[in-house]
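*Asks:* Following this line is structure26.csv, made up of CSV, C-alpha atoms:
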```
chain,number,residue,atom,x,y,z
A,1,MET,CA,4.7,26.1,-14.7
A,2,LEU,CA,1.0,25.3,-14.5
A,3,ASP,CA,-0.2,27.8,-12.0
A,4,ALA,CA,-2.0,25.4,-9.6
A,5,ARG,CA,-0.1,22.7,-7.8
A,6,GLU,CA,-3.2,20.9,-6.6
A,7,ALA,CA,-4.3,18.1,-9.0
A,8,PRO,CA,-8.0,19.2,-9.3
A,9,ALA,CA,-6.9,22.7,-10.4
A,10,ILE,CA,-4.3,21.2,-12.8
A,11,LEU,CA,-7.0,19.0,-14.3
A,12,ASP,CA,-9.4,21.9,-14.7
A,13,LEU,CA,-6.8,24.0,-16.4
A,14,THR,CA,-5.9,21.1,-18.7
A,15,ARG,CA,-9.6,20.7,-19.7
A,16,ALA,CA,-9.7,24.5,-20.5
A,17,LEU,CA,-6.6,24.2,-22.7
A,18,VAL,CA,-7.2,20.8,-24.4
A,19,ASP,CA,-11.0,20.7,-24.9
A,20,PRO,CA,-11.0,23.3,-27.7
A,21,GLU,CA,-8.4,21.3,-29.5
A,22,LEU,CA,-10.4,18.1,-29.0
A,23,ARG,CA,-13.6,19.6,-30.2
A,24,SER,CA,-12.0,21.1,-33.2
A,25,ALA,CA,-10.4,17.7,-34.1
A,26,VAL,CA,-13.7,15.8,-33.5
A,27,ASP,CA,-15.6,18.3,-35.7
A,28,THR,CA,-13.5,17.2,-38.7
A,29,LEU,CA,-15.0,13.6,-38.5
A,30,PRO,CA,-17.8,12.5,-40.9
A,31,PRO,CA,-21.2,13.3,-39.5
A,32,GLY,CA,-22.2,9.8,-38.4
A,33,ILE,CA,-18.9,9.1,-36.5
A,34,ARG,CA,-18.8,12.7,-35.2
A,35,ARG,CA,-22.3,12.2,-33.6
A,36,VAL,CA,-21.1,9.1,-31.7
A,37,ALA,CA,-17.8,10.7,-30.7
A,38,ARG,CA,-19.6,13.9,-29.4
A,39,TYR,CA,-22.0,11.7,-27.4
A,40,HIS,CA,-19.1,9.6,-26.0
A,41,PHE,CA,-17.2,12.7,-24.8
A,42,GLY,CA,-20.4,13.9,-23.1
A,43,TRP,CA,-20.9,17.0,-25.3
A,44,GLU,CA,-24.2,15.9,-26.8
A,45,ASN,CA,-27.2,13.7,-26.1
A,46,PRO,CA,-28.1,10.9,-28.5
A,47,ASP,CA,-30.4,13.2,-30.4
A,48,GLY,CA,-27.6,15.7,-31.0
A,49,SER,CA,-28.8,18.3,-28.5
A,50,PRO,CA,-26.2,19.8,-26.2
A,51,ALA,CA,-25.3,17.9,-23.0
A,52,GLU,CA,-23.5,18.9,-19.9
A,53,GLY,CA,-21.9,15.6,-19.1
A,54,GLY,CA,-18.2,15.4,-18.3
A,55,ALA,CA,-15.6,14.1,-20.8
A,56,GLY,CA,-13.5,12.4,-18.1
A,57,LYS,CA,-10.9,13.6,-15.6
A,58,ALA,CA,-8.2,14.5,-18.2
A,59,ILE,CA,-5.4,12.8,-16.3
A,60,ARG,CA,-3.5,11.7,-19.4
A,61,PRO,CA,-3.4,15.1,-21.2
A,62,ALA,CA,-2.6,16.7,-17.8
A,63,LEU,CA,0.4,14.5,-17.6
A,64,VAL,CA,1.6,15.6,-21.0
A,65,LEU,CA,1.2,19.3,-20.2
A,66,THR,CA,2.7,19.0,-16.7
A,67,ALA,CA,5.7,17.1,-17.8
A,68,ALA,CA,6.3,19.6,-20.6
A,69,ASP,CA,6.1,22.4,-18.0
A,70,ALA,CA,8.3,20.7,-15.6
A,71,LEU,CA,11.2,20.1,-18.1
A,72,GLY,CA,10.7,23.0,-20.5
A,73,GLY,CA,8.9,25.8,-18.6
A,74,PRO,CA,5.9,27.8,-19.7
A,75,ALA,CA,7.2,28.1,-23.3
A,76,ALA,CA,6.7,24.4,-23.8
A,77,ARG,CA,3.0,24.3,-22.9
A,78,PRO,CA,1.4,25.8,-26.1
A,79,GLY,CA,3.2,23.4,-28.4
A,80,ALA,CA,2.2,20.4,-26.1
A,81,VAL,CA,-1.5,21.1,-26.2
A,82,ARG,CA,-2.0,19.3,-29.5
A,83,ALA,CA,0.0,16.3,-28.3
A,84,ALA,CA,-2.1,16.3,-25.1
A,85,ALA,CA,-5.2,16.2,-27.2
A,86,ALA,CA,-3.8,13.3,-29.3
A,87,VAL,CA,-3.1,11.3,-26.1
A,88,GLU,CA,-6.7,11.9,-24.9
A,89,LEU,CA,-8.1,10.8,-28.3
A,90,VAL,CA,-6.1,7.5,-28.0
A,91,HIS,CA,-7.4,7.0,-24.4
A,92,ASN,CA,-11.0,7.4,-25.6
A,93,PHE,CA,-10.4,5.0,-28.5
A,94,THR,CA,-9.5,2.4,-25.9
A,95,LEU,CA,-12.6,3.2,-23.8
A,96,LEU,CA,-15.0,2.8,-26.7
A,97,HIS,CA,-13.5,-0.5,-27.6
A,98,ASP,CA,-13.2,-1.8,-24.1
A,99,ASP,CA,-16.9,-1.0,-23.4
A,100,VAL,CA,-17.9,-3.1,-26.4
A,101,MET,CA,-15.6,-6.0,-25.4
A,102,ASP,CA,-16.5,-5.9,-21.8
A,103,ARG,CA,-20.2,-5.2,-22.5
A,104,ASP,CA,-20.2,-2.4,-20.0
A,105,ALA,CA,-23.5,-0.6,-20.1
A,106,THR,CA,-22.6,2.7,-18.3
A,107,ARG,CA,-19.7,5.1,-18.4
A,108,ARG,CA,-19.5,8.5,-16.8
A,109,HIS,CA,-23.0,8.1,-15.3
A,110,ARG,CA,-24.8,7.4,-18.6
A,111,PRO,CA,-25.2,4.6,-21.2
A,112,THR,CA,-22.1,3.7,-23.1
A,113,ALA,CA,-21.9,4.5,-26.8
A,114,TRP,CA,-22.4,0.9,-28.0
A,115,THR,CA,-25.7,0.6,-26.0
A,116,VAL,CA,-27.0,3.7,-27.8
A,117,PHE,CA,-25.6,3.4,-31.3
A,118,GLY,CA,-24.6,-0.3,-31.6
A,119,ASP,CA,-21.4,-2.2,-31.6
A,120,ALA,CA,-20.3,-1.3,-35.1
A,121,ASP,CA,-20.6,2.5,-34.7
A,122,ALA,CA,-18.8,2.4,-31.3
A,123,ILE,CA,-15.9,0.4,-32.7
A,124,LEU,CA,-15.6,2.5,-35.9
A,125,THR,CA,-15.7,5.7,-33.8
A,126,GLY,CA,-12.9,4.4,-31.7
A,127,ASP,CA,-10.9,3.6,-34.8
A,128,ALA,CA,-11.5,7.1,-36.1
A,129,LEU,CA,-10.3,8.7,-32.8
A,130,GLN,CA,-7.1,6.7,-33.0
A,131,ALA,CA,-6.5,7.8,-36.6
A,132,LEU,CA,-7.4,11.4,-35.6
A,133,ALA,CA,-4.8,11.3,-32.8
A,134,MET,CA,-2.1,10.3,-35.3
A,135,ARG,CA,-3.2,12.9,-37.8
A,136,LEU,CA,-2.9,15.6,-35.1
A,137,LEU,CA,0.8,14.7,-34.5
A,138,ALA,CA,1.6,14.1,-38.2
A,139,GLN,CA,0.4,17.6,-39.0
A,140,ASP,CA,2.1,19.2,-36.0
A,141,PRO,CA,5.1,21.4,-37.1
A,142,HIS,CA,6.7,20.9,-33.6
A,143,PRO,CA,10.1,19.3,-33.9
A,144,ALA,CA,9.2,16.6,-31.5
A,145,SER,CA,6.0,15.5,-33.2
A,146,SER,CA,7.4,12.7,-35.3
A,147,ARG,CA,9.0,11.1,-32.2
A,148,ALA,CA,5.8,11.6,-30.2
A,149,ALA,CA,3.8,9.9,-33.0
A,150,ALA,CA,6.1,6.9,-33.1
A,151,ARG,CA,5.9,6.6,-29.3
A,152,LEU,CA,2.2,6.9,-29.3
A,153,ALA,CA,1.8,4.3,-32.1
A,154,LEU,CA,4.0,1.8,-30.2
A,155,CYS,CA,1.9,2.5,-27.1
A,156,VAL,CA,-1.3,1.7,-29.0
A,157,ILE,CA,0.2,-1.7,-30.0
A,158,GLU,CA,1.0,-2.3,-26.3
A,159,LEU,CA,-2.5,-1.3,-25.3
A,160,CYS,CA,-3.9,-3.8,-27.7
A,161,GLU,CA,-1.6,-6.5,-26.3
A,162,GLY,CA,-2.8,-5.7,-22.8
A,163,GLN,CA,-6.4,-6.0,-23.8
A,164,HIS,CA,-5.7,-9.2,-25.6
A,165,LEU,CA,-4.2,-10.6,-22.4
A,166,ASP,CA,-7.1,-9.4,-20.4
A,167,THR,CA,-9.7,-11.0,-22.6
A,168,ALA,CA,-7.7,-14.2,-22.9
A,169,MET,CA,-7.7,-14.5,-19.1
A,170,GLU,CA,-11.4,-14.5,-18.9
A,171,SER,CA,-11.7,-17.9,-20.5
A,172,ARG,CA,-9.1,-19.4,-18.2
A,173,SER,CA,-10.0,-21.1,-14.9
A,174,PRO,CA,-9.2,-19.1,-11.7
A,175,ASP,CA,-6.2,-21.3,-10.7
A,176,GLU,CA,-4.5,-20.8,-14.1
A,177,VAL,CA,-3.8,-17.1,-13.7
A,178,THR,CA,-0.8,-15.7,-11.8
A,179,LEU,CA,-0.2,-12.3,-10.3
A,180,GLY,CA,2.8,-11.8,-12.5
A,181,GLU,CA,0.6,-12.2,-15.6
A,182,VAL,CA,-2.0,-9.8,-14.3
A,183,LEU,CA,0.6,-7.2,-13.4
A,184,THR,CA,2.1,-7.5,-16.9
A,185,MET,CA,-1.4,-7.0,-18.4
A,186,ALA,CA,-2.1,-4.0,-16.2
A,187,GLU,CA,1.2,-2.3,-17.2
A,188,ALA,CA,0.3,-2.7,-20.9
A,189,LYS,CA,-3.4,-1.7,-20.5
A,190,THR,CA,-2.9,1.2,-18.1
A,191,GLY,CA,0.7,2.0,-17.4
A,192,ALA,CA,1.8,2.2,-21.0
A,193,LEU,CA,-0.4,5.2,-21.9
A,194,LEU,CA,0.4,7.1,-18.7
A,195,GLY,CA,4.1,6.5,-19.3
A,196,SER,CA,3.7,7.7,-22.9
A,197,ALA,CA,1.8,10.8,-21.8
A,198,CYS,CA,4.7,11.8,-19.5
A,199,ALA,CA,7.3,10.9,-22.1
A,200,ILE,CA,5.6,12.9,-24.9
A,201,GLY,CA,5.4,15.9,-22.6
A,202,ALA,CA,9.1,15.5,-22.0
A,203,LEU,CA,9.8,15.3,-25.8
A,204,TYR,CA,7.8,18.5,-26.4
A,205,ALA,CA,10.0,20.2,-23.7
A,206,GLY,CA,13.1,19.2,-25.6
A,207,ALA,CA,14.3,16.9,-22.9
A,208,GLY,CA,17.1,14.4,-23.4
A,209,ASP,CA,16.6,10.6,-23.8
A,210,GLU,CA,17.4,9.9,-20.1
A,211,GLU,CA,14.7,12.3,-18.8
A,212,VAL,CA,12.2,11.0,-21.4
A,213,GLU,CA,12.7,7.4,-20.4
A,214,ALA,CA,12.7,8.2,-16.6
A,215,LEU,CA,9.4,10.0,-17.1
A,216,ASP,CA,8.0,7.0,-19.1
A,217,ALA,CA,9.0,4.8,-16.1
A,218,PHE,CA,7.4,7.2,-13.7
A,219,GLY,CA,4.1,7.1,-15.6
A,220,ARG,CA,4.2,3.4,-15.9
A,221,ALA,CA,4.7,2.9,-12.2
A,222,ALA,CA,2.0,5.4,-11.3
A,223,GLY,CA,-0.2,3.7,-13.9
A,224,LEU,CA,0.1,0.4,-12.1
A,225,ALA,CA,-0.7,2.1,-8.8
A,226,PHE,CA,-3.7,3.7,-10.6
A,227,GLN,CA,-4.9,0.3,-11.9
A,228,LEU,CA,-4.6,-1.3,-8.5
A,229,ILE,CA,-6.7,1.4,-6.9
A,230,ASP,CA,-9.1,1.3,-9.9
A,231,ASP,CA,-9.6,-2.4,-9.3
A,232,VAL,CA,-10.3,-1.8,-5.6
A,233,ILE,CA,-12.9,0.8,-6.6
A,234,GLY,CA,-14.3,-1.6,-9.1
A,235,ILE,CA,-15.2,-3.9,-6.3
A,236,TRP,CA,-15.8,-1.7,-3.3
A,237,GLY,CA,-16.5,1.7,-4.8
A,238,ASP,CA,-19.9,3.5,-4.6
A,239,PRO,CA,-21.7,3.2,-8.0
A,240,GLY,CA,-23.2,6.6,-7.4
A,241,ARG,CA,-19.6,8.0,-7.6
A,242,THR,CA,-18.1,5.6,-10.1
A,243,GLY,CA,-20.9,5.8,-12.7
A,244,LYS,CA,-20.7,2.0,-13.1
A,245,PRO,CA,-22.9,-0.8,-11.6
A,246,ALA,CA,-21.7,-2.5,-8.4
A,247,GLY,CA,-19.7,-5.7,-8.9
A,248,ALA,CA,-19.5,-5.4,-12.7
A,249,ASP,CA,-16.0,-6.8,-12.8
A,250,LEU,CA,-17.0,-9.7,-10.5
A,251,ALA,CA,-20.1,-10.4,-12.6
A,252,ALA,CA,-17.8,-10.6,-15.7
A,253,ARG,CA,-15.4,-12.9,-13.8
A,254,LYS,CA,-12.6,-10.4,-14.4
A,255,LYS,CA,-9.2,-11.5,-13.2
A,256,SER,CA,-8.6,-8.1,-11.6
A,257,LEU,CA,-5.5,-7.6,-9.4
A,258,PRO,CA,-7.3,-7.9,-6.0
A,259,VAL,CA,-9.2,-11.0,-7.2
A,260,VAL,CA,-6.0,-12.8,-8.4
A,261,ALA,CA,-4.2,-11.8,-5.2
A,262,ALA,CA,-7.1,-13.3,-3.3
A,263,LEU,CA,-7.2,-16.5,-5.4
A,264,THR,CA,-3.5,-17.1,-5.0
A,265,SER,CA,-3.4,-16.4,-1.2
A,266,GLY,CA,-3.8,-20.1,-0.2
A,267,THR,CA,-6.5,-19.2,2.4
A,268,PRO,CA,-9.9,-20.9,3.0
A,269,ALA,CA,-11.5,-17.7,1.5
A,270,ALA,CA,-9.4,-18.2,-1.6
A,271,ALA,CA,-11.0,-21.7,-2.1
A,272,GLU,CA,-14.4,-20.2,-1.6
A,273,LEU,CA,-13.7,-17.5,-4.1
A,274,ALA,CA,-12.4,-20.0,-6.7
A,275,ALA,CA,-15.6,-22.0,-6.3
A,276,LEU,CA,-17.7,-18.9,-6.9
A,277,TYR,CA,-15.6,-17.7,-9.8
A,278,GLY,CA,-15.8,-21.2,-11.4
A,279,ALA,CA,-19.6,-21.1,-11.5
A,280,PRO,CA,-21.9,-18.9,-13.6
A,281,TYR,CA,-22.5,-15.5,-12.1
A,282,ASP,CA,-25.5,-15.3,-9.8
A,283,PRO,CA,-26.4,-11.8,-8.5
A,284,ARG,CA,-27.4,-13.4,-5.2
A,285,ASP,CA,-23.7,-14.3,-4.6
A,286,LEU,CA,-22.3,-10.9,-5.2
A,287,GLU,CA,-22.0,-9.9,-1.6
A,288,ARG,CA,-20.5,-13.3,-0.7
A,289,THR,CA,-18.0,-12.9,-3.5
A,290,VAL,CA,-16.9,-9.4,-2.4
A,291,LEU,CA,-16.4,-10.7,1.1
A,292,ALA,CA,-14.4,-13.6,-0.1
A,293,VAL,CA,-12.0,-11.3,-2.0
A,294,GLU,CA,-11.6,-9.2,1.1
A,295,ARG,CA,-11.2,-12.1,3.6
A,296,ALA,CA,-8.6,-13.7,1.3
A,297,GLY,CA,-6.5,-10.5,1.5
A,298,GLY,CA,-7.2,-9.1,-2.0
A,299,ARG,CA,-8.1,-5.6,-0.9
A,300,ASP,CA,-5.2,-5.2,1.6
A,301,TRP,CA,-2.7,-6.6,-0.9
A,302,ALA,CA,-3.9,-4.2,-3.7
A,303,GLN,CA,-3.6,-1.2,-1.4
A,304,SER,CA,-0.2,-2.1,-0.2
A,305,GLU,CA,1.0,-2.9,-3.7
A,306,ALA,CA,-0.3,0.4,-4.9
A,307,ALA,CA,1.8,2.2,-2.3
A,308,ASP,CA,4.9,0.2,-3.4
A,309,TRP,CA,4.4,1.2,-7.0
A,310,MET,CA,3.9,4.8,-6.0
A,311,ALA,CA,7.2,4.7,-4.2
A,312,ARG,CA,8.9,3.4,-7.4
A,313,ALA,CA,7.2,6.2,-9.4
A,314,MET,CA,8.6,8.8,-7.0
A,315,GLY,CA,12.1,7.4,-7.5
A,316,GLU,CA,11.8,7.6,-11.3
A,317,LEU,CA,10.3,11.2,-11.0
A,318,ALA,CA,13.3,12.3,-8.9
A,319,ARG,CA,15.7,10.8,-11.5
A,320,ALA,CA,14.0,12.7,-14.3
A,321,ILE,CA,13.4,16.0,-12.4
A,322,PRO,CA,15.7,16.4,-9.4
A,323,ASP,CA,14.2,19.7,-8.4
A,324,PRO,CA,11.2,18.9,-6.1
A,325,GLU,CA,9.5,22.2,-6.8
A,326,ALA,CA,9.6,21.5,-10.6
A,327,ALA,CA,8.2,18.0,-10.0
A,328,ASP,CA,5.3,19.2,-7.8
A,329,GLY,CA,2.7,19.1,-10.5
A,330,LEU,CA,3.5,15.5,-11.6
A,331,LEU,CA,3.6,14.4,-8.0
A,332,SER,CA,0.2,15.9,-7.3
A,333,LEU,CA,-1.3,14.1,-10.3
A,334,ALA,CA,0.2,10.8,-9.3
A,335,GLU,CA,-1.1,11.2,-5.7
A,336,PHE,CA,-4.5,12.2,-7.0
A,337,VAL,CA,-5.0,9.0,-9.2
A,338,THR,CA,-3.9,6.7,-6.3
A,339,ARG,CA,-5.9,8.3,-3.6
A,340,ARG,CA,-9.2,8.7,-5.4
A,341,THR,CA,-12.5,7.0,-4.5
A,342,SER,CA,-14.2,7.1,-8.0
```
Using structure tokens, write down the structure from this file.

*Replies:*
Amino acid sequence: MLDAREAPAILDLTRALVDPELRSAVDTLPPGIRRVARYHFGWENPDGSPAEGGAGKAIRPALVLTAADALGGPAARPGAVRAAAAVELVHNFTLLHDDVMDRDATRRHRPTAWTVFGDADAILTGDALQALAMRLLAQDPHPASSRAAARLALCVIELCEGQHLDTAMESRSPDEVTLGEVLTMAEAKTGALLGSACAIGALYAGAGDEEVEALDAFGRAAGLAFQLIDDVIGIWGDPGRTGKPAGADLAARKKSLPVVAALTSGTPAAAELAALYGAPYDPRDLERTVLAVERAGGRDWAQSEAADWMARAMGELARAIPDPEAADGLLSLAEFVTRRTS
């Protein structure tokens, strides 16, 4: 088992295990793309000098390793490290592309790759990271690697569909978007990769189909809870902790889960929010928009819904891993991502 049951310690250990594999893989990229990738991961500054920025929380590779440990014991972990790196590469492919499409200027407390190197280089680097992830699995001699590669490829298609739904919603008027649509989009954009991470860990542990699918369902449910909390943080979080400007999603008129819940609440505040969302963004209206979402119940609904999805996640986890002690690490990670503040 991973030695530490507390999520921060699991994440630290994951970074120690997976970062060397990530760095080794990224170092095989052509120089121009490698430069952008190393900047994006926080390893270098734009001029190529070493940097001390973080490469993210490592939640997805931690799920791979923790699932492998839970179902296969310590012997499963070494073989799963490459798969964990592949999952992290796919995650960062999505971040590079999302930042370009969303025009997000900051990530992890510094300028996003596209603002430093341009749209084309950021997109191409994301493409290269996805290909690199598939190459890691294709070259892996582990007996589960081909099934893991197929699952990850299907996940990428689902991620693209989720992003397509997200961007399509931006052009629709506030009263045309339903909560069901946004939940479907969130499962594709966020839940799919967390589910795949858990399932791939199970595959590397030699688990049966029932355990693999239950862990996929666990990750998906935890992913929806994660997205709900992430959307709350995106509106009410401290920019000093999140590394993103306040109100970025509201400025972009994103149909996030708390916003759509507020818009469909049938309250006077919902009408006020619809009027604000139907007009071009004015920074002077930011505080009023935040208050309208809250008064219309968007924040309370999102927090309550996150708790419901976590309960579903726990049910799936118990189905996959009946032994509570063996499931402790996955439970800690799921609780960590839904109780965070940044």

*Asks:* Kindly indicate which residue among A:Leu193, A:Ala68, A:Met101, A:Leu96 lies nearest to Val81 of chain A, using all atoms listed in the file for the distances.

*Replies:*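 Closest to Val81 of chain A, using all atoms listed in the file: A:Ala68.
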
*Asks:* Can you work out which one of A:Arg108, A:Arg220, A:His142, A:His164 has the shortest atom-to-atom distance to Pro245 of chain A, counting all atoms listed in the file?

*Replies:*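 With all atoms listed in the file as the atom set, the closest residue is A:Arg108.
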
*Asks:* As an exercise, work out the distance from atom CA of Pro239 of chain A to atom CA of Thr112 of chain A in Å and give it to one decimal place.

*Replies:*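 It comes out at 15.1 Å.
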
*Asks:* Between A:Leu228, A:Ala307, A:Leu13, A:Ala138, single out the one closest to Leu183 of chain A, counting only C-alpha atoms.

*Replies:*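 Comparing A:Leu228, A:Ala307, A:Leu13, A:Ala138 against Leu183 of chain A, the winner is A:Leu228.
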
*Asks:* Suppose you want the space between atom CA of Gly329 of chain A and atom CA of Gly223 of chain A; what is it in Å?

*Replies:*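 These two atoms are separated by 16.0 Å.
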
*Asks:* Neighbourhood query: residues within 12 Å of (9.6, 18.3, -8.9), file coordinates, counting all atoms listed in the file; return as a VMD selection string.

*Replies:* chain A and resid 1 5 66 to 67 69 to 71 215 314 to 333

*Asks:* Counting all atoms listed in the file, which residues of segment 190-220 of chain A fall within 9 Å of segment 47-61 of chain A, and what is the closest atom pair for each with its distance in Å at one decimal, ordered by chain and rising number, as JSON lines?

*Replies:*
```
{"residue": "A:Leu193", "atom": "CA", "partner": "A:Arg60", "partner_atom": "CA", "distance": 7.6}
{"residue": "A:Leu194", "atom": "CA", "partner": "A:Arg60", "partner_atom": "CA", "distance": 6.1}
{"residue": "A:Ser196", "atom": "CA", "partner": "A:Arg60", "partner_atom": "CA", "distance": 8.9}
{"residue": "A:Ala197", "atom": "CA", "partner": "A:Arg60", "partner_atom": "CA", "distance": 5.9}
{"residue": "A:Cys198", "atom": "CA", "partner": "A:Arg60", "partner_atom": "CA", "distance": 8.2}
{"residue": "A:Gly201", "atom": "CA", "partner": "A:Pro61", "partner_atom": "CA", "distance": 8.9}
```

*Asks:* Excluding Ala120 of chain A and any residue of its chain fewer than 2 positions from it, enumerate the residues within 12 Å of it, using all atoms listed in the file, and give them as a PDB file with C-alpha atoms, keeping the file's coordinate frame.

*Replies:*
```pdb
ATOM      1  CA  GLY A  32     -22.200   9.800 -38.400  1.00  0.00           C
ATOM      2  CA  ILE A  33     -18.900   9.100 -36.500  1.00  0.00           C
ATOM      3  CA  VAL A  36     -21.100   9.100 -31.700  1.00  0.00           C
ATOM      4  CA  LEU A  96     -15.000   2.800 -26.700  1.00  0.00           C
ATOM      5  CA  HIS A  97     -13.500  -0.500 -27.600  1.00  0.00           C
ATOM      6  CA  VAL A 100     -17.900  -3.100 -26.400  1.00  0.00           C
ATOM      7  CA  MET A 101     -15.600  -6.000 -25.400  1.00  0.00           C
ATOM      8  CA  ALA A 113     -21.900   4.500 -26.800  1.00  0.00           C
ATOM      9  CA  TRP A 114     -22.400   0.900 -28.000  1.00  0.00           C
ATOM     10  CA  THR A 115     -25.700   0.600 -26.000  1.00  0.00           C
ATOM     11  CA  VAL A 116     -27.000   3.700 -27.800  1.00  0.00           C
ATOM     12  CA  PHE A 117     -25.600   3.400 -31.300  1.00  0.00           C
ATOM     13  CA  GLY A 118     -24.600  -0.300 -31.600  1.00  0.00           C
ATOM     14  CA  ALA A 122     -18.800   2.400 -31.300  1.00  0.00           C
ATOM     15  CA  ILE A 123     -15.900   0.400 -32.700  1.00  0.00           C
ATOM     16  CA  LEU A 124     -15.600   2.500 -35.900  1.00  0.00           C
ATOM     17  CA  THR A 125     -15.700   5.700 -33.800  1.00  0.00           C
ATOM     18  CA  GLY A 126     -12.900   4.400 -31.700  1.00  0.00           C
ATOM     19  CA  ASP A 127     -10.900   3.600 -34.800  1.00  0.00           C
TER      20      ASP A 127
END
```

*Asks:* List as a PyMOL selection string the protein and nucleic acid residues near Glu158 of chain A, meaning an atom at most 12 Å away when all atoms listed in the file are counted, but skip any in the same chain fewer than 2 places from it.

*Replies:* chain A and resi 94+151-156+160-165+184-193+195-196

*Asks:* Which value, in Å to one decimal, gives the distance between atom CA of Ala279 of chain A and atom CA of Thr106 of chain A?

*Replies:* 24.9 Å
